[in-house]
Protein chains: 2
Amino acid sequence: MSFDVLQDKIRAMKNPTVAGLDPKPEYVPPHILNACLEEYGQTLQAAAEAIYRFNCGLMDAMCDIVPAVKPQSAYYERLGWRGMEVLERTIAYAKQKGYFVIADVKRGDIGSTAQAYSEAWLGRTKVGDTEIASFDADCVTINGYMGSDAINPFINTCKELDKCLFVLVKTSNPSSGELQDMVAGDRLVYKVMGDLTQRLGKDTAGKHGFNLTGAVVGATYPSDLRELRRRLEHTFFLVPGYGAQGGTAEDVQYAFNKYGHGAIVNSSRGIMCAWQKTGAEGKDYQQAARDAALAMRDDIRQYVTIV
Amino acid sequence: MSFDVLQDKIRAMKNPTVAGLDPKPEYVPPHILNACLEEYGQTLQAAAEAIYRFNCGLMDAMCDIVPAVKPQSAYYERLGWRGMEVLERTIAYAKQKGYFVIADVKRGDIGSTAQAYSEAWLGRTKVGDTEIASFDADCVTINGYMGSDAINPFINTCKELDKCLFVLVKTSNPSSGELQDMVAGDRLVYKVMGDLTQRLGKDTAGKHGFNLTGAVVGATYPSDLRELRRRLEHTFFLVPGYGAQGGTAEDVQYAFNKYGHGAIVNSSRGIMCAWQKTGAEGKDYQQAARDAALAMRDDIRQYVTIV
């Protein structure tokens, strides 16, 4: 689904946030984890199943107030194929619940390999005379270090299936500047990547004015965020770094345009781990996550009015 | 396993090449693919199983002459979790056959997410009181666009388990220069990345003098390859782009130091698809792959003498 669909969901809920599903085992409430360890032993299957139950519980608790989820592939890959099986089921469940699904995979490869990745995460794979979807997300994150060869195959898949993507532009981590902030010709490297992203997506804007090529821009560098918002008018932003990484609602306001459109802010730990602060040992993880999601929404709405 | 182990395997076989296992379905000989479609129907399981049988056949045919294999994750991911299950089995089989295994995943993420990726591909995952390995390769490829935050967690895992990694520095594709060849300060971007890679791996060199942080440097830009070899004395190179992409043995010679050490050259299609040129409809894919691997070895040995 395109950024039009995402923007419409955000407007309907008046909530420009996405819940990151980055399930480290210590984020899973003990009663869920222990039940799975009892049922499946100390196995990757037990850990994967625990994560699936936790994800579903979280998604049940927030589907009327949060428009999107963003599973982070690394936490599923570390459980081997059992984790990937649960990632497939998590994405399917999310779509069934009405969420827009961003697969945070940050893949970056070229030519037919990029094509294979785009089939894996967005498209379909041909087997014999038929085509089968595997992970089938609405949107992915990708890494453009290898240039447009790494982005174009995804764009083609997105055009065909009305989906969309985010390219890493200016990331939220402390060392992001080592490469991204270098002066390259007349621009900083992250601006080169931002300009490339918007250019490769040209002529794909939908009714809200955003190309199918979005950009990842961290909340932790608000002045860069503000400058990129001005520079990349047709680019939808995925904004990590709010909350645990230090970005505030005041910082993220700069990701939005004058209509309060064009960005979605991620929170992972703030929502998944909310139960750890209530003293109820995780029995209340659903209510705690919902409360945290509402608090985040209201925090951002102090600074952003969505028209 | 470290680059010492890889360099020793290369010396023992006098063959500085790695066989890429990037199994597109059209690379699988019809008799293997059709048997699987008959057994499992037109399913992802059928495609995955066909790829596994093909991989095993190739590895059986070359294990005494080729020191390493490099499965490309994208071609397994596009088959969903069934593909990932086959990737786990492929890596396990490769190790059993004595190959050094490079998981070509090009992952790039930060902090605890990078840690999760390094556990997935090189390390072990804690479940209850125990630790379980999942993909368990000897070496991975990673993308450093996000800076040292994306590389250091992998380095820590490598130090702990005596494994190693390759960071994308100068890639072999046509558009690699869009970002990598920009002038950033006093250096080109790819040199910044190369210098960072070598610096982060400092004090980890083994008996052959190579840090555990290697670099991906394409065969298709031989003058860059030659310059990087001089510049990054302690950095082992993974060299894609030989063969189908246009790199020649004459080009790749510049990846090696004066002892003929410090690099391994990849071929994927040239080996996997060798059977398509013999007219035997794939029945001879093992002999064809072996012949192609020997021809590649001998081609490179015209220019490189391994001491």
# chains A, B, ... in the order shown; residues from 1 in each chain; ligands from 1
call {"tool": "select_by_dssp", "arguments": {"residues": "range 41-287 of chain A", "states": "helix (DSSP H, G or I)", "output": "number ranges by chain"}}
result
A: 44-62, 74-77, 80-96, 111-121, 148-150, 152-161, 174-180, 189-200, 222-231, 249-255, 269-272, 274-277, 285-287
call {"tool": "closest_atom_pairs", "arguments": {"of": "chain A", "to": "chain B", "cutoff": "6 Å", "atoms": "only C-alpha atoms", "output": "CSV"}}
result
residue,atom,partner,partner_atom,distance
A:Gln42,CA,B:Gly128,CA,5.8
A:Ala74,CA,B:Tyr117,CA,5.1
A:Tyr75,CA,B:Ala116,CA,5.9
A:Glu77,CA,B:Ala120,CA,5.5
A:Arg78,CA,B:Ala120,CA,3.7
A:Gly80,CA,B:Ser134,CA,4.8
A:Trp81,CA,B:Glu85,CA,5.1
A:Met84,CA,B:Trp81,CA,5.2
A:Glu85,CA,B:Trp81,CA,5.1
A:Ala116,CA,B:Ala74,CA,5.5
A:Tyr117,CA,B:Ala74,CA,5.1
A:Glu119,CA,B:Arg78,CA,5.8
A:Ala120,CA,B:Arg78,CA,3.7
A:Val127,CA,B:Gln42,CA,5.8
A:Gly128,CA,B:Gln42,CA,5.8
A:Ser134,CA,B:Gly80,CA,4.8
A:Met146,CA,B:Ser176,CA,4.9
A:Gly147,CA,B:Ser175,CA,5.2
A:Asp149,CA,B:Ser175,CA,5.9
A:Ser175,CA,B:Gly147,CA,5.2
A:Ser176,CA,B:Met146,CA,4.9
A:Glu178,CA,B:Gly147,CA,5.6
A:Met182,CA,B:Ala184,CA,5.7
A:Val183,CA,B:Ala184,CA,5.2
A:Ala184,CA,B:Ala184,CA,4.4
call {"tool": "select_by_dssp", "arguments": {"residues": "range 34-196 of chain A", "states": "strand (DSSP E or B)", "output": "ChimeraX atom specification"}}
result
/A:68-72,100-107,124-127,130-133,139-142,164-170,183-184,187-188
call {"tool": "write_last_selection", "arguments": {"atoms": "C-alpha atoms", "output": "mmCIF file, in the first residue's frame"}}
result
data_model
loop_
_atom_site.group_PDB
_atom_site.id
_atom_site.type_symbol
_atom_site.label_atom_id
_atom_site.label_comp_id
_atom_site.auth_asym_id
_atom_site.auth_seq_id
_atom_site.Cartn_x
_atom_site.Cartn_y
_atom_site.Cartn_z
ATOM 1 C CA ALA A 68 1.178 1.112 11.585
ATOM 2 C CA VAL A 69 3.635 -1.451 12.919
ATOM 3 C CA LYS A 70 7.289 -1.904 12.040
ATOM 4 C CA PRO A 71 8.776 -5.317 12.773
ATOM 5 C CA GLN A 72 12.584 -5.239 12.872
ATOM 6 C CA PHE A 100 0.087 -0.623 7.632
ATOM 7 C CA VAL A 101 3.195 -2.830 7.840
ATOM 8 C CA ILE A 102 6.732 -1.521 7.418
ATOM 9 C CA ALA A 103 9.281 -4.352 7.270
ATOM 10 C CA ASP A 104 12.418 -2.817 8.763
ATOM 11 C CA VAL A 105 15.002 -4.875 6.909
ATOM 12 C CA LYS A 106 17.431 -2.208 5.634
ATOM 13 C CA ARG A 107 18.407 -4.450 2.742
ATOM 14 C CA ARG A 124 5.730 -12.467 -5.072
ATOM 15 C CA THR A 125 8.004 -15.329 -6.035
ATOM 16 C CA LYS A 126 7.394 -17.411 -9.131
ATOM 17 C CA VAL A 127 7.251 -21.168 -8.551
ATOM 18 C CA THR A 130 2.229 -19.764 -10.022
ATOM 19 C CA GLU A 131 3.323 -16.792 -7.914
ATOM 20 C CA ILE A 132 3.464 -16.897 -4.128
ATOM 21 C CA ALA A 133 3.904 -14.058 -1.634
ATOM 22 C CA CYS A 139 6.618 -1.074 2.797
ATOM 23 C CA VAL A 140 10.332 -1.750 3.462
ATOM 24 C CA THR A 141 13.416 0.112 4.586
ATOM 25 C CA ILE A 142 16.468 -0.093 2.314
ATOM 26 C CA CYS A 164 6.351 2.040 -0.998
ATOM 27 C CA LEU A 165 9.786 2.165 0.661
ATOM 28 C CA PHE A 166 12.089 4.202 2.888
ATOM 29 C CA VAL A 167 15.762 4.748 2.042
ATOM 30 C CA LEU A 168 18.188 5.404 4.912
ATOM 31 C CA VAL A 169 19.167 9.063 4.639
ATOM 32 C CA LYS A 170 20.150 10.514 8.032
ATOM 33 C CA VAL A 183 30.949 17.213 2.844
ATOM 34 C CA ALA A 184 30.689 15.620 -0.597
ATOM 35 C CA ARG A 187 26.407 18.880 -0.200
ATOM 36 C CA LEU A 188 26.619 16.629 2.821
#
call {"tool": "atom_distance", "arguments": {"atom1": "CA of Lys258 in chain B", "atom2": "CA of Arg231 in chain B"}}
result
13.8 Å
call {"tool": "atom_distance", "arguments": {"atom1": "CA of Ser223 in chain A", "atom2": "CA of Leu6 in chain A"}}
result
25.3 Å
call {"tool": "closest_residue", "arguments": {"among": "B:Phe236, B:Tyr303, B:Tyr242, B:Tyr221", "to": "Ile271 in chain B", "atoms": "only C-alpha atoms"}}
result
B:Tyr242
call {"tool": "atom_distance", "arguments": {"atom1": "CA of Asp291 in chain B", "atom2": "CA of Thr248 in chain B"}}
result
17.7 Å
call {"tool": "residues_around", "arguments": {"residues": "Thr278 in chain B", "least_positions_apart": "4", "cutoff": "12 Å", "atoms": "only C-alpha atoms", "output": "compact mmCIF listing (two decimals) with N, CA and C atoms, in the first residue's frame"}}
result
# COMPACT_ATOMS: atom_id res chain seq x y z
N CYS B 273 25.72 -21.83 -13.24
CA CYS B 273 25.05 -21.97 -14.53
C CYS B 273 25.94 -22.61 -15.59
N ALA B 274 27.08 -23.15 -15.18
CA ALA B 274 28.00 -23.73 -16.17
C ALA B 274 27.32 -24.83 -17.00
N GLY B 282 21.57 -30.18 -17.98
CA GLY B 282 21.78 -30.09 -16.54
C GLY B 282 22.12 -31.39 -15.85
N LYS B 283 22.04 -32.50 -16.55
CA LYS B 283 22.39 -33.79 -15.92
C LYS B 283 23.85 -33.77 -15.44
N ASP B 284 24.65 -32.96 -16.12
CA ASP B 284 26.09 -32.89 -15.84
C ASP B 284 26.46 -31.66 -15.02
N TYR B 285 25.50 -31.12 -14.23
CA TYR B 285 25.77 -29.83 -13.58
C TYR B 285 26.96 -29.90 -12.63
N GLN B 286 27.19 -31.05 -12.03
CA GLN B 286 28.31 -31.15 -11.08
C GLN B 286 29.65 -31.07 -11.80
N GLN B 287 29.78 -31.85 -12.87
CA GLN B 287 31.03 -31.81 -13.63
C GLN B 287 31.23 -30.43 -14.25
N ALA B 288 30.15 -29.83 -14.75
CA ALA B 288 30.24 -28.51 -15.38
C ALA B 288 30.70 -27.46 -14.36
N ALA B 289 30.15 -27.53 -13.14
CA ALA B 289 30.54 -26.57 -12.10
C ALA B 289 32.01 -26.77 -11.73
N ASP B 291 34.39 -28.07 -13.55
CA ASP B 291 35.25 -27.60 -14.65
C ASP B 291 35.34 -26.07 -14.65
N ALA B 292 34.21 -25.42 -14.40
CA ALA B 292 34.21 -23.94 -14.39
C ALA B 292 35.05 -23.41 -13.24
